[in-house]
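Engineer: Contents of model30.cif (mmCIF, C-alpha atoms and all ligand atoms) are given next:
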```
data_input
#
loop_
_atom_site.group_PDB
_atom_site.id
_atom_site.type_symbol
_atom_site.label_atom_id
_atom_site.label_comp_id
_atom_site.auth_asym_id
_atom_site.auth_seq_id
_atom_site.Cartn_x
_atom_site.Cartn_y
_atom_site.Cartn_z
ATOM 1 C CA MET A 1 -21.915 10.471 -8.847
ATOM 2 C CA PRO A 2 -24.382 10.813 -11.742
ATOM 3 C CA SER A 3 -23.135 9.333 -14.998
ATOM 4 C CA GLU A 4 -23.536 12.670 -16.743
ATOM 5 C CA SER A 5 -20.692 14.229 -14.768
ATOM 6 C CA ARG A 6 -18.539 11.151 -15.366
ATOM 7 C CA MET A 7 -18.931 11.700 -19.102
ATOM 8 C CA THR A 8 -17.819 15.322 -18.902
ATOM 9 C CA GLN A 9 -14.776 14.634 -16.735
ATOM 10 C CA HIS A 10 -11.740 15.310 -18.917
ATOM 11 C CA LEU A 11 -8.229 14.143 -18.309
ATOM 12 C CA ASP A 12 -5.207 16.346 -18.744
ATOM 13 C CA PRO A 13 -2.958 14.680 -21.348
ATOM 14 C CA ARG A 14 0.071 16.429 -19.802
ATOM 15 C CA SER A 15 -0.489 14.779 -16.415
ATOM 16 C CA PRO A 16 2.215 12.099 -15.993
ATOM 17 C CA TRP A 17 -0.236 9.376 -14.928
ATOM 18 C CA VAL A 18 -2.529 9.940 -17.917
ATOM 19 C CA ILE A 19 -1.662 7.395 -20.591
ATOM 20 C CA SER A 20 -2.677 7.421 -24.241
ATOM 21 C CA THR A 21 -4.097 4.244 -25.761
ATOM 22 C CA HIS A 22 -4.047 5.735 -29.257
ATOM 23 C CA ASP A 23 -1.863 3.063 -30.878
ATOM 24 C CA LEU A 24 -4.160 0.236 -29.707
ATOM 25 C CA GLY A 25 -6.742 1.596 -32.158
ATOM 26 C CA LYS A 26 -9.701 -0.012 -30.281
ATOM 27 C CA ARG A 27 -8.952 -3.321 -32.022
ATOM 28 C CA PRO A 28 -9.614 -6.176 -29.569
ATOM 29 C CA GLY A 29 -6.520 -8.331 -29.183
ATOM 30 C CA THR A 30 -4.066 -5.514 -29.821
ATOM 31 C CA MET A 31 -1.473 -5.394 -27.091
ATOM 32 C CA ARG A 32 1.365 -3.153 -26.034
ATOM 33 C CA ARG A 33 4.056 -3.520 -23.375
ATOM 34 C CA MET A 34 5.410 -0.392 -21.789
ATOM 35 C CA THR A 35 7.865 0.463 -19.058
ATOM 36 C CA LEU A 36 7.594 3.885 -17.480
ATOM 37 C CA THR A 37 9.146 5.873 -14.681
ATOM 38 C CA LEU A 38 6.636 8.293 -13.187
ATOM 39 C CA PRO A 39 6.748 10.750 -10.286
ATOM 40 C CA ALA A 40 4.877 9.480 -7.226
ATOM 41 C CA PRO A 41 1.466 11.063 -6.631
ATOM 42 C CA VAL A 42 1.412 13.382 -3.611
ATOM 43 C CA ASP A 43 0.055 12.285 -0.219
ATOM 44 C CA LEU A 44 0.322 8.583 -0.887
ATOM 45 C CA GLY A 45 0.530 6.748 2.399
ATOM 46 C CA VAL A 46 -0.995 5.731 5.709
ATOM 47 C CA ASP A 47 -0.101 6.884 9.249
ATOM 48 C CA MET A 48 3.376 5.456 9.640
ATOM 49 C CA ILE A 49 4.601 4.857 6.101
ATOM 50 C CA GLY A 50 4.146 6.025 2.538
ATOM 51 C CA VAL A 51 5.692 6.747 -0.844
ATOM 52 C CA PRO A 52 7.778 9.905 -0.441
ATOM 53 C CA LYS A 53 6.956 12.991 -2.464
ATOM 54 C CA ASP A 54 8.970 13.200 -5.706
ATOM 55 C CA ALA A 55 9.932 9.517 -5.527
ATOM 56 C CA GLU A 56 10.200 7.599 -8.792
ATOM 57 C CA VAL A 57 7.701 4.844 -9.501
ATOM 58 C CA GLU A 58 8.826 2.129 -11.920
ATOM 59 C CA LEU A 59 5.996 0.646 -13.954
ATOM 60 C CA ASP A 60 6.009 -2.411 -16.159
ATOM 61 C CA LEU A 61 2.649 -2.468 -17.930
ATOM 62 C CA ARG A 62 0.695 -4.359 -20.503
ATOM 63 C CA LEU A 63 -2.125 -2.573 -22.297
ATOM 64 C CA GLU A 64 -4.560 -4.788 -24.108
ATOM 65 C CA ALA A 65 -7.591 -3.741 -26.143
ATOM 66 C CA VAL A 66 -10.643 -5.889 -25.328
ATOM 67 C CA MET A 67 -14.255 -5.582 -26.495
ATOM 68 C CA GLU A 68 -15.397 -3.190 -23.748
ATOM 69 C CA GLY A 69 -12.252 -1.150 -23.326
ATOM 70 C CA VAL A 70 -8.572 -1.342 -22.458
ATOM 71 C CA LEU A 71 -7.244 -3.778 -19.882
ATOM 72 C CA VAL A 72 -4.157 -2.539 -18.051
ATOM 73 C CA SER A 73 -2.115 -5.015 -16.038
ATOM 74 C CA GLY A 74 1.396 -5.103 -14.687
ATOM 75 C CA THR A 75 3.500 -4.143 -11.714
ATOM 76 C CA ALA A 76 4.630 -0.956 -10.031
ATOM 77 C CA GLN A 77 7.608 -0.511 -7.747
ATOM 78 C CA ALA A 78 8.091 2.450 -5.436
ATOM 79 C CA PRO A 79 10.323 3.411 -2.511
ATOM 80 C CA LEU A 80 8.786 3.801 0.937
ATOM 81 C CA ALA A 81 9.721 5.996 3.853
ATOM 82 C CA GLY A 82 8.226 5.989 7.309
ATOM 83 C CA GLU A 83 8.674 5.170 10.949
ATOM 84 C CA CYS A 84 9.138 1.896 12.785
ATOM 85 C CA ALA A 85 5.924 1.185 14.689
ATOM 86 C CA ARG A 86 7.907 -0.271 17.610
ATOM 87 C CA CYS A 87 10.965 1.960 18.124
ATOM 88 C CA LEU A 88 9.860 5.015 16.075
ATOM 89 C CA ASP A 89 13.181 5.146 14.163
ATOM 90 C CA PRO A 90 12.935 6.359 10.563
ATOM 91 C CA LEU A 91 12.935 3.556 8.045
ATOM 92 C CA THR A 92 13.029 3.149 4.292
ATOM 93 C CA SER A 93 11.926 0.221 2.215
ATOM 94 C CA GLU A 94 10.328 -0.627 -1.086
ATOM 95 C CA ILE A 95 6.948 -1.806 -2.270
ATOM 96 C CA GLU A 96 5.884 -3.728 -5.321
ATOM 97 C CA VAL A 97 2.202 -3.984 -6.243
ATOM 98 C CA SER A 98 0.379 -5.608 -9.098
ATOM 99 C CA LEU A 99 -2.056 -3.529 -11.052
ATOM 100 C CA GLN A 100 -5.065 -4.650 -13.008
ATOM 101 C CA GLU A 101 -7.853 -2.426 -14.216
ATOM 102 C CA LEU A 102 -10.278 -2.484 -17.089
ATOM 103 C CA PHE A 103 -10.929 0.981 -18.474
ATOM 104 C CA PHE A 104 -14.277 1.050 -20.276
ATOM 105 C CA TYR A 105 -14.872 2.928 -23.531
ATOM 106 C CA SER A 106 -18.404 3.810 -22.500
ATOM 107 C CA ASP A 107 -20.239 4.061 -19.199
ATOM 108 C CA GLU A 108 -23.066 2.025 -20.756
ATOM 109 C CA ASP A 109 -21.035 -1.131 -20.050
ATOM 110 C CA ALA A 110 -19.533 0.082 -16.798
ATOM 111 C CA SER A 111 -20.852 0.284 -13.260
ATOM 112 C CA GLU A 112 -20.373 3.245 -10.921
ATOM 113 C CA GLU A 113 -17.062 1.998 -9.529
ATOM 114 C CA ASP A 114 -15.522 1.134 -12.884
ATOM 115 C CA SER A 115 -12.923 3.280 -14.587
ATOM 116 C CA LEU A 116 -13.635 4.978 -17.880
ATOM 117 C CA LEU A 117 -11.471 6.088 -20.758
ATOM 118 C CA ASP A 118 -11.654 9.739 -21.713
ATOM 119 C CA GLY A 119 -11.418 9.369 -25.472
ATOM 120 C CA GLU A 120 -8.079 7.617 -25.900
ATOM 121 C CA LEU A 121 -6.770 8.616 -22.486
ATOM 122 C CA LEU A 122 -6.804 6.743 -19.213
ATOM 123 C CA ASP A 123 -5.696 7.841 -15.757
ATOM 124 C CA LEU A 124 -3.656 5.206 -13.957
ATOM 125 C CA GLU A 125 -3.125 7.194 -10.771
ATOM 126 C CA PRO A 126 -6.258 6.020 -8.869
ATOM 127 C CA THR A 127 -5.461 2.386 -9.721
ATOM 128 C CA PHE A 128 -1.885 2.745 -8.479
ATOM 129 C CA ARG A 129 -2.967 4.678 -5.374
ATOM 130 C CA ASP A 130 -5.547 2.051 -4.352
ATOM 131 C CA ALA A 131 -3.080 -0.811 -4.877
ATOM 132 C CA VAL A 132 -0.390 0.871 -2.750
ATOM 133 C CA VAL A 133 -2.691 1.871 0.104
ATOM 134 C CA LEU A 134 -3.978 -1.721 0.336
ATOM 135 C CA ALA A 135 -0.450 -3.142 0.347
ATOM 136 C CA LEU A 136 1.163 -0.812 2.881
ATOM 137 C CA PRO A 137 2.017 -2.402 6.239
ATOM 138 C CA LEU A 138 -0.110 -1.011 9.090
ATOM 139 C CA SER A 139 2.739 -1.570 11.533
ATOM 140 C CA PRO A 140 6.001 -1.227 9.626
ATOM 141 C CA VAL A 141 9.116 -2.347 11.507
ATOM 142 C CA CYS A 142 12.781 -1.380 11.028
ATOM 143 C CA ARG A 143 13.767 -5.036 11.608
ATOM 144 C CA GLU A 144 11.607 -8.108 12.120
ATOM 145 C CA ASP A 145 13.190 -8.566 15.565
ATOM 146 C CA CYS A 146 13.016 -4.893 16.598
ATOM 147 C CA GLU A 147 12.515 -4.907 20.362
ATOM 148 C CA GLY A 148 10.885 -1.489 20.408
ATOM 149 C CA LEU A 149 10.766 0.762 23.446
ATOM 150 C CA CYS A 150 10.633 -0.084 27.133
ATOM 151 C CA ALA A 151 6.993 0.094 28.214
ATOM 152 C CA GLU A 152 8.066 1.546 31.579
ATOM 153 C CA CYS A 153 10.492 4.325 30.649
ATOM 154 C CA GLY A 154 10.422 4.597 26.836
ATOM 155 C CA VAL A 155 14.123 3.895 26.317
ATOM 156 C CA LYS A 156 15.031 2.043 23.128
ATOM 157 C CA LEU A 157 15.577 -1.539 24.244
ATOM 158 C CA ALA A 158 18.189 -2.305 21.566
ATOM 159 C CA GLU A 159 20.380 0.443 23.051
ATOM 160 C CA ALA A 160 19.509 -0.068 26.713
ATOM 161 C CA GLY A 161 21.010 -3.552 26.798
ATOM 162 C CA ALA A 162 19.653 -6.967 27.630
ATOM 163 C CA ASP A 163 19.695 -6.421 31.396
ATOM 164 C CA HIS A 164 17.443 -3.338 31.244
ATOM 165 C CA ARG A 165 14.547 -3.826 33.617
ATOM 166 C CA HIS A 166 12.693 -2.065 36.357
ATOM 167 C CA GLU A 167 12.565 -3.464 39.859
ATOM 168 C CA LYS A 168 8.895 -3.278 40.561
ATOM 169 C CA ILE A 169 6.664 -6.091 41.680
ATOM 170 C CA ASP A 170 3.367 -6.164 39.875
ATOM 171 C CA ALA A 171 0.576 -7.000 42.295
ATOM 172 C CA ARG A 172 -1.223 -9.165 39.701
ATOM 173 C CA TRP A 173 1.943 -11.128 38.961
ATOM 174 C CA ALA A 174 2.558 -11.670 42.681
ATOM 175 C CA SER A 175 -0.892 -13.147 43.227
ATOM 176 C CA LEU A 176 -0.493 -15.332 40.142
ATOM 177 C CA GLN A 177 2.761 -16.677 41.556
ATOM 178 C CA GLY A 178 0.849 -17.507 44.696
ATOM 179 C CA LEU A 179 -1.683 -19.505 42.665
ATOM 180 C CA ILE A 180 1.026 -21.510 40.910
ATOM 181 C CA THR A 181 2.674 -22.332 44.204
ATOM 182 C CA ASP A 182 -0.641 -23.449 45.706
ATOM 183 C CA LYS A 183 -1.326 -25.670 42.714
ATOM 184 C CA ASP A 184 2.118 -27.272 42.931
ATOM 185 C CA ASN A 185 1.529 -27.945 46.589
ATOM 186 C CA ASP A 186 -1.826 -29.555 45.799
ATOM 187 C CA GLN A 187 -0.221 -31.896 43.301
ATOM 188 C CA GLU A 188 2.358 -32.985 45.826
ATOM 189 C CA LYS A 189 -0.334 -34.116 48.202
HETATM 190 ZN ZN ZN B 201 12.347 -0.514 15.191
HETATM 191 ZN ZN ZN B 202 12.828 1.003 31.009
#
```
Mind turning this structure into structure tokens?
Structural biologist:
Amino acid sequence: MPSESRMTQHLDPRSPWVISTHDLGKRPGTMRRMTLTLPAPVDLGVDMIGVPKDAEVELDLRLEAVMEGVLVSGTAQAPLAGECARCLDPLTSEIEVSLQELFFYSDEDASEEDSLLDGELLDLEPTFRDAVVLALPLSPVCREDCEGLCAECGVKLAEAGADHRHEKIDARWASLQGLITDKDNDQEK
């Protein structure tokens, strides 16, 4: 994106994730702690799990004015909802991510990927979104020891019972058994 359009991009001060840095007054070394509860951004998730729409995100932030801009660091906590990758049952859990982003006053100091302040405003949503997407489990499970579904018939193994199995001799397994037996016989010689 050309830097010209970055300069003209304006943030909406009424957007919940847009934060004012007014009281830092651009004085390097000035710091402010803030705790916030914000509504989760929409469509935040990967295939099997994500932050539900309208969920509350708890933020514990530190805003610090530095020479080039405002450094935001802290943590964010959000609920998760999704599906177990093994048994497909719905599951809920929670995620905590750390956030750290330097928002530059001017794009003269910043590279293309860096975040910029719009006057005294910064938008924390992209920072939060990136941190969550990176931290989400690709294969969430309802329990660490979830047995999942039977590969043969799709029944949930936790409900089917320990003796659930299918009587079917796999040709590859049969020939492997033959090999083991042959080897044992060889050793006995
Ligand atoms: Zn499961
Ligand atoms: Zn089965």
Engineer: Which residues of chain A have any atom within 9 Å of an atom in ligand ZN 202 (chain B) when counting only C-alpha atoms and all ligand atoms, and what is the closest pair of atoms for each, with the distance in Å to one decimal? Order the rows by chain and rising number and write it as a tab-separated table.
Structural biologist:
```
residue	atom	partner	partner_atom	distance
A:Leu149	CA	B:ZN202	ZN	7.8
A:Cys150	CA	B:ZN202	ZN	4.6
A:Ala151	CA	B:ZN202	ZN	6.5
A:Glu152	CA	B:ZN202	ZN	4.8
A:Cys153	CA	B:ZN202	ZN	4.1
A:Gly154	CA	B:ZN202	ZN	6.0
A:Val155	CA	B:ZN202	ZN	5.7
A:Lys156	CA	B:ZN202	ZN	8.2
A:Leu157	CA	B:ZN202	ZN	7.7
A:Ala160	CA	B:ZN202	ZN	8.0
A:His164	CA	B:ZN202	ZN	6.3
A:Arg165	CA	B:ZN202	ZN	5.8
A:His166	CA	B:ZN202	ZN	6.2
```
Engineer: Applied to the shown file, which residues does the PyMOL selection byres (((not hetatm)) within 10 of (chain B and resi 201)) return, written as a PDB file with C-alpha atoms, in the coordinates of the input?
Structural biologist:
```
ATOM      1  CA  GLU A  83       8.674   5.170  10.949  1.00  0.00           C
ATOM      2  CA  CYS A  84       9.138   1.896  12.785  1.00  0.00           C
ATOM      3  CA  ALA A  85       5.924   1.185  14.689  1.00  0.00           C
ATOM      4  CA  ARG A  86       7.907  -0.271  17.610  1.00  0.00           C
ATOM      5  CA  CYS A  87      10.965   1.960  18.124  1.00  0.00           C
ATOM      6  CA  LEU A  88       9.860   5.015  16.075  1.00  0.00           C
ATOM      7  CA  ASP A  89      13.181   5.146  14.163  1.00  0.00           C
ATOM      8  CA  PRO A  90      12.935   6.359  10.563  1.00  0.00           C
ATOM      9  CA  LEU A  91      12.935   3.556   8.045  1.00  0.00           C
ATOM     10  CA  PRO A 140       6.001  -1.227   9.626  1.00  0.00           C
ATOM     11  CA  VAL A 141       9.116  -2.347  11.507  1.00  0.00           C
ATOM     12  CA  CYS A 142      12.781  -1.380  11.028  1.00  0.00           C
ATOM     13  CA  ARG A 143      13.767  -5.036  11.608  1.00  0.00           C
ATOM     14  CA  GLU A 144      11.607  -8.108  12.120  1.00  0.00           C
ATOM     15  CA  ASP A 145      13.190  -8.566  15.565  1.00  0.00           C
ATOM     16  CA  CYS A 146      13.016  -4.893  16.598  1.00  0.00           C
ATOM     17  CA  GLU A 147      12.515  -4.907  20.362  1.00  0.00           C
ATOM     18  CA  GLY A 148      10.885  -1.489  20.408  1.00  0.00           C
ATOM     19  CA  LEU A 149      10.766   0.762  23.446  1.00  0.00           C
ATOM     20  CA  LYS A 156      15.031   2.043  23.128  1.00  0.00           C
ATOM     21  CA  LEU A 157      15.577  -1.539  24.244  1.00  0.00           C
ATOM     22  CA  ALA A 158      18.189  -2.305  21.566  1.00  0.00           C
TER      23      ALA A 158
END
```
Engineer: Can you turn the PyMOL selection byres (((chain A and resi 69) around 8) and not hetatm) into a concrete residue list for this file, as a tab-separated table (two decimals) with C-alpha atoms, in the coordinates of the input?
Structural biologist:
```
chain	number	residue	atom	x	y	z
A	26	LYS	CA	-9.70	-0.01	-30.28
A	65	ALA	CA	-7.59	-3.74	-26.14
A	66	VAL	CA	-10.64	-5.89	-25.33
A	67	MET	CA	-14.26	-5.58	-26.50
A	68	GLU	CA	-15.40	-3.19	-23.75
A	70	VAL	CA	-8.57	-1.34	-22.46
A	71	LEU	CA	-7.24	-3.78	-19.88
A	102	LEU	CA	-10.28	-2.48	-17.09
A	103	PHE	CA	-10.93	0.98	-18.47
A	104	PHE	CA	-14.28	1.05	-20.28
A	105	TYR	CA	-14.87	2.93	-23.53
A	106	SER	CA	-18.40	3.81	-22.50
A	117	LEU	CA	-11.47	6.09	-20.76
```
Engineer: Separation of CA of Leu80 (chain A) and CA of Ser15 (chain A), in Å?
Structural biologist: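 Pair CA of Leu80 (chain A) / CA of Ser15 (chain A) returns 22.5 Å.
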Engineer: From the options A:Ala78, A:Leu11, A:Ile19, A:Leu134, which residue's atoms come nearest to Pro39 (chain A), counting only C-alpha atoms?
Structural biologist: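 Selected residue with least distance to Pro39 (chain A): A:Ala78.
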Engineer: For CA of Arg32 (chain A) and CA of Leu59 (chain A), determine how far apart the two atoms are, in Å to one decimal place.
Structural biologist: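 It comes out at 13.5 Å.
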Engineer: Quote the spacing between CA of Leu63 (chain A) and CA of Arg33 (chain A) in Å to one decimal place.
Structural biologist: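 Separating CA of Leu63 (chain A) from CA of Arg33 (chain A) is a distance of 6.3 Å.
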Engineer: Quick one: apply the PyMOL selection byres (((chain A and resi 123) around 10) and not hetatm) to the file and drop the selected residues here as a VMD selection string.
Structural biologist: chain A and resid 11 to 13 15 to 20 103 115 to 118 121 to 122 124 to 128
Engineer: Nearest residue to Leu138 (chain A) out of A:Glu94, A:Glu56, A:Asp47, A:Asp23, using only C-alpha atoms?
Structural biologist: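 Distance minimum relative to Leu138 (chain A) lands on A:Asp47.
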Engineer: Out of A:Val42, A:Ala76, A:Val132, A:Met48, which residue has the shortest atom-to-atom distance to Asp60 (chain A) when counting only C-alpha atoms?
Structural biologist: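 Among the listed residues, the smallest separation from Asp60 (chain A) belongs to A:Ala76.
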Engineer: Which residue is closest to Met34 (chain A)? Choose from A:Gly82, A:Gly119, A:Gly161, A:Gly74 and count only C-alpha atoms.
Structural biologist: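 Under the stated criterion, the closest residue is A:Gly74.
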Engineer: With distances taken over only C-alpha atoms, which of A:Glu113, A:Glu101, A:Glu96, A:Asp43 is nearest to Glu64 (chain A)?
Structural biologist: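 For Glu64 (chain A), the nearest of the candidates is A:Glu101.
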